[in-house]
Amino acid sequence: MSGRRPRPGAIDRSVEDALLAELAAILAEVDARFAGWTCDASTTCCRFGLTGREPYVTAVELLAVRRAVARSGRKLDLGGSRPAVAPARARGRRALPVAEEVDERRCPLLGSDGRCTIYASRPFGCRTFFCDRAIAGDPVTQRDINAFVARIRAVAAKLGPGAEEGRPLVRALSSGR
């Protein structure tokens with residue numbers, strides 16, 4: 001694959017709508033498969049700097065996220081949090097700056113109230129309870145996860161070359177594509 005992603009609006013809106021409907025049907029199955037799962041970590045997974053993980057999104061998931069953001073009328077803060085950095089203490093020697101705080105890297109979709117601003121349209125990776133503190137419902141196997149990912153990628157591929165490749169959520173939101 002060339003790795004090039006389709007430009008927003010590069011295909012007919014009705015085609016996008018049909019692909020988003022296919023994605024919504026798959027995500028409804030994902031939600032049903034994870035019924036009974038909960039997590040009391042309360043937005044820990046939305047703080048990518050704390051978990052060291054960030055959901056990857058395909059182009060069709062990104063399209064769903066962008067449409068949901070547009071419907072909400074809010075602007076995304078894609079700058080994220082930055083660690084406070086103390087000046088290097090050289091004392092005649094080279095020294096690296098020391099981070100005084102952990103960089104939370106909050107998801108730009110997390111509202112100030114601690115809730116996802118696009119919850120109904122959140123991507124697959126935000127629905128799968130990867131946190132070790134999650135309380136499991138019915139067992140979900142890696143095979144189940146892989147099957148859902150393959151189906152989402154197949155829908156995304158219909159947007160064009162490279163659209164099925166996942167990218168980190170914040171980088172995908174920051175890019176024009």
# chains A, B, ... in the order shown; residues from 1 in each chain; ligands from 1
>>> residues_around(residues="Ala163 (chain A)", least_positions_apart="2", cutoff="7 Å", atoms="only C-alpha atoms", output="PyMOL selection string")
chain A and resi 5-6+58-59+156-157+159-161+165
>>> write_last_selection(atoms="C-alpha atoms", output="PDB file, in the first residue's frame")
ATOM      1  CA  ARG A   5      -4.966   8.286   3.232  1.00  0.00           C
ATOM      2  CA  PRO A   6      -8.046   9.591   1.453  1.00  0.00           C
ATOM      3  CA  THR A  58      -8.754   3.553  10.864  1.00  0.00           C
ATOM      4  CA  ALA A  59      -9.946   6.211   8.427  1.00  0.00           C
ATOM      5  CA  ALA A 156     -12.249   1.350   6.126  1.00  0.00           C
ATOM      6  CA  ALA A 157     -10.465  -0.034   3.051  1.00  0.00           C
ATOM      7  CA  LEU A 159     -12.482   4.613   1.576  1.00  0.00           C
ATOM      8  CA  GLY A 160      -9.310   4.118  -0.438  1.00  0.00           C
ATOM      9  CA  PRO A 161      -5.714   2.916  -0.304  1.00  0.00           C
ATOM     10  CA  GLU A 165      -4.234   1.211   8.477  1.00  0.00           C
TER      11      GLU A 165
END
>>> residues_around(residues="Phe129 (chain A)", least_positions_apart="4", cutoff="10 Å", atoms="only C-alpha atoms", output="tab-separated table (two decimals) with C-alpha atoms, in the first residue's frame")
chain	number	residue	atom	x	y	z
A	34	PHE	CA	-18.45	-6.55	25.91
A	37	TRP	CA	-17.70	-5.39	31.31
A	38	THR	CA	-17.06	-2.33	33.49
A	39	CYS	CA	-14.13	-0.30	34.70
A	45	CYS	CA	-7.57	4.89	29.72
A	125	GLY	CA	-10.04	0.78	20.86
A	133	ARG	CA	-8.57	-2.90	36.47
A	134	ALA	CA	-11.49	-3.67	34.16
A	135	ILE	CA	-14.07	-6.05	35.56
A	136	ALA	CA	-14.72	-8.70	32.95
>>> residues_around(residues="Thr43 (chain A)", least_positions_apart="3", cutoff="9 Å", atoms="only C-alpha atoms", output="VMD selection string")
chain A and resid 39 to 40 46 to 47 110 114 to 116
>>> residues_around(residues="Leu173 (chain A)", least_positions_apart="3", cutoff="10 Å", atoms="only C-alpha atoms", output="PyMOL selection string")
chain A and resi 57+62-63+65-66+76+78+108+167-170+176-177
>>> write_last_selection(atoms="N, CA and C atoms", output="PDB file, in the first residue's frame")
ATOM      1  N   VAL A  57      -6.820   4.298  15.215  1.00  0.00           N
ATOM      2  CA  VAL A  57      -8.071   4.405  14.465  1.00  0.00           C
ATOM      3  C   VAL A  57      -7.813   4.249  12.973  1.00  0.00           C
ATOM      4  N   LEU A  62     -12.034   7.412  12.174  1.00  0.00           N
ATOM      5  CA  LEU A  62     -11.704   8.824  12.247  1.00  0.00           C
ATOM      6  C   LEU A  62     -12.826   9.674  11.651  1.00  0.00           C
ATOM      7  N   LEU A  63     -13.404   9.212  10.565  1.00  0.00           N
ATOM      8  CA  LEU A  63     -14.542   9.907   9.961  1.00  0.00           C
ATOM      9  C   LEU A  63     -15.700   9.985  10.952  1.00  0.00           C
ATOM     10  N   VAL A  65     -15.513   9.851  14.226  1.00  0.00           N
ATOM     11  CA  VAL A  65     -15.113  10.754  15.314  1.00  0.00           C
ATOM     12  C   VAL A  65     -15.253  12.204  14.873  1.00  0.00           C
ATOM     13  N   ARG A  66     -14.760  12.508  13.684  1.00  0.00           N
ATOM     14  CA  ARG A  66     -14.825  13.905  13.209  1.00  0.00           C
ATOM     15  C   ARG A  66     -16.268  14.369  13.021  1.00  0.00           C
ATOM     16  N   LEU A  76     -11.569  20.861  19.402  1.00  0.00           N
ATOM     17  CA  LEU A  76     -10.653  19.951  20.088  1.00  0.00           C
ATOM     18  C   LEU A  76      -9.373  20.681  20.467  1.00  0.00           C
ATOM     19  N   LEU A  78      -5.885  19.895  20.683  1.00  0.00           N
ATOM     20  CA  LEU A  78      -4.967  18.842  20.279  1.00  0.00           C
ATOM     21  C   LEU A  78      -3.567  19.061  20.810  1.00  0.00           C
ATOM     22  N   PRO A 108      -8.085  14.250  23.617  1.00  0.00           N
ATOM     23  CA  PRO A 108      -8.756  15.514  23.313  1.00  0.00           C
ATOM     24  C   PRO A 108     -10.282  15.380  23.282  1.00  0.00           C
ATOM     25  N   ARG A 167      -3.870   4.430  12.942  1.00  0.00           N
ATOM     26  CA  ARG A 167      -2.933   5.471  13.375  1.00  0.00           C
ATOM     27  C   ARG A 167      -3.310   5.894  14.777  1.00  0.00           C
ATOM     28  N   PRO A 168      -2.350   6.344  15.581  1.00  0.00           N
ATOM     29  CA  PRO A 168      -2.689   6.829  16.916  1.00  0.00           C
ATOM     30  C   PRO A 168      -3.741   7.935  16.822  1.00  0.00           C
ATOM     31  N   LEU A 169      -4.731   7.886  17.696  1.00  0.00           N
ATOM     32  CA  LEU A 169      -5.889   8.778  17.649  1.00  0.00           C
ATOM     33  C   LEU A 169      -5.497  10.252  17.574  1.00  0.00           C
ATOM     34  N   VAL A 170      -4.632  10.716  18.454  1.00  0.00           N
ATOM     35  CA  VAL A 170      -4.307  12.144  18.486  1.00  0.00           C
ATOM     36  C   VAL A 170      -3.596  12.566  17.210  1.00  0.00           C
ATOM     37  N   GLY A 176      -4.617  16.470   8.620  1.00  0.00           N
ATOM     38  CA  GLY A 176      -5.734  16.902   7.767  1.00  0.00           C
ATOM     39  C   GLY A 176      -6.440  15.722   7.133  1.00  0.00           C
ATOM     40  N   ARG A 177      -5.926  14.494   7.336  1.00  0.00           N
ATOM     41  CA  ARG A 177      -6.491  13.321   6.676  1.00  0.00           C
ATOM     42  C   ARG A 177      -6.858  12.259   7.654  1.00  0.00           C
TER      43      ARG A 177
END
>>> select_by_dssp(residues="region 13-168 of chain A", states="strand (DSSP E or B)", output="list in words")
Thr38, Cys39, Arg47, Tyr56, Val57, Val85, Ala86, Val98, Ala99, Arg106, Leu110, Cys116, Ala134, Ile135, Arg167 and Pro168 of chain A
>>> closest_residue(among="A:Val60, A:Arg171, A:Arg122, A:Val69", to="Val15 (chain A)", atoms="only C-alpha atoms")
A:Val60
>>> atom_distance(atom1="CA of Arg143 (chain A)", atom2="CA of Leu20 (chain A)")
23.8 Å
>>> atom_distance(atom1="CA of Ala28 (chain A)", atom2="CA of Leu50 (chain A)")
28.3 Å
>>> residues_around(residues="Glu29 (chain A)", least_positions_apart="4", cutoff="12 Å", atoms="only C-alpha atoms", output="PyMOL selection string")
chain A and resi 22-25+33-35+124+127-128+144-145+147-148+151-152
>>> closest_residue(among="A:Asp12, A:Glu164, A:Asp17, A:Glu104", to="Thr44 (chain A)", atoms="only C-alpha atoms")
A:Glu104
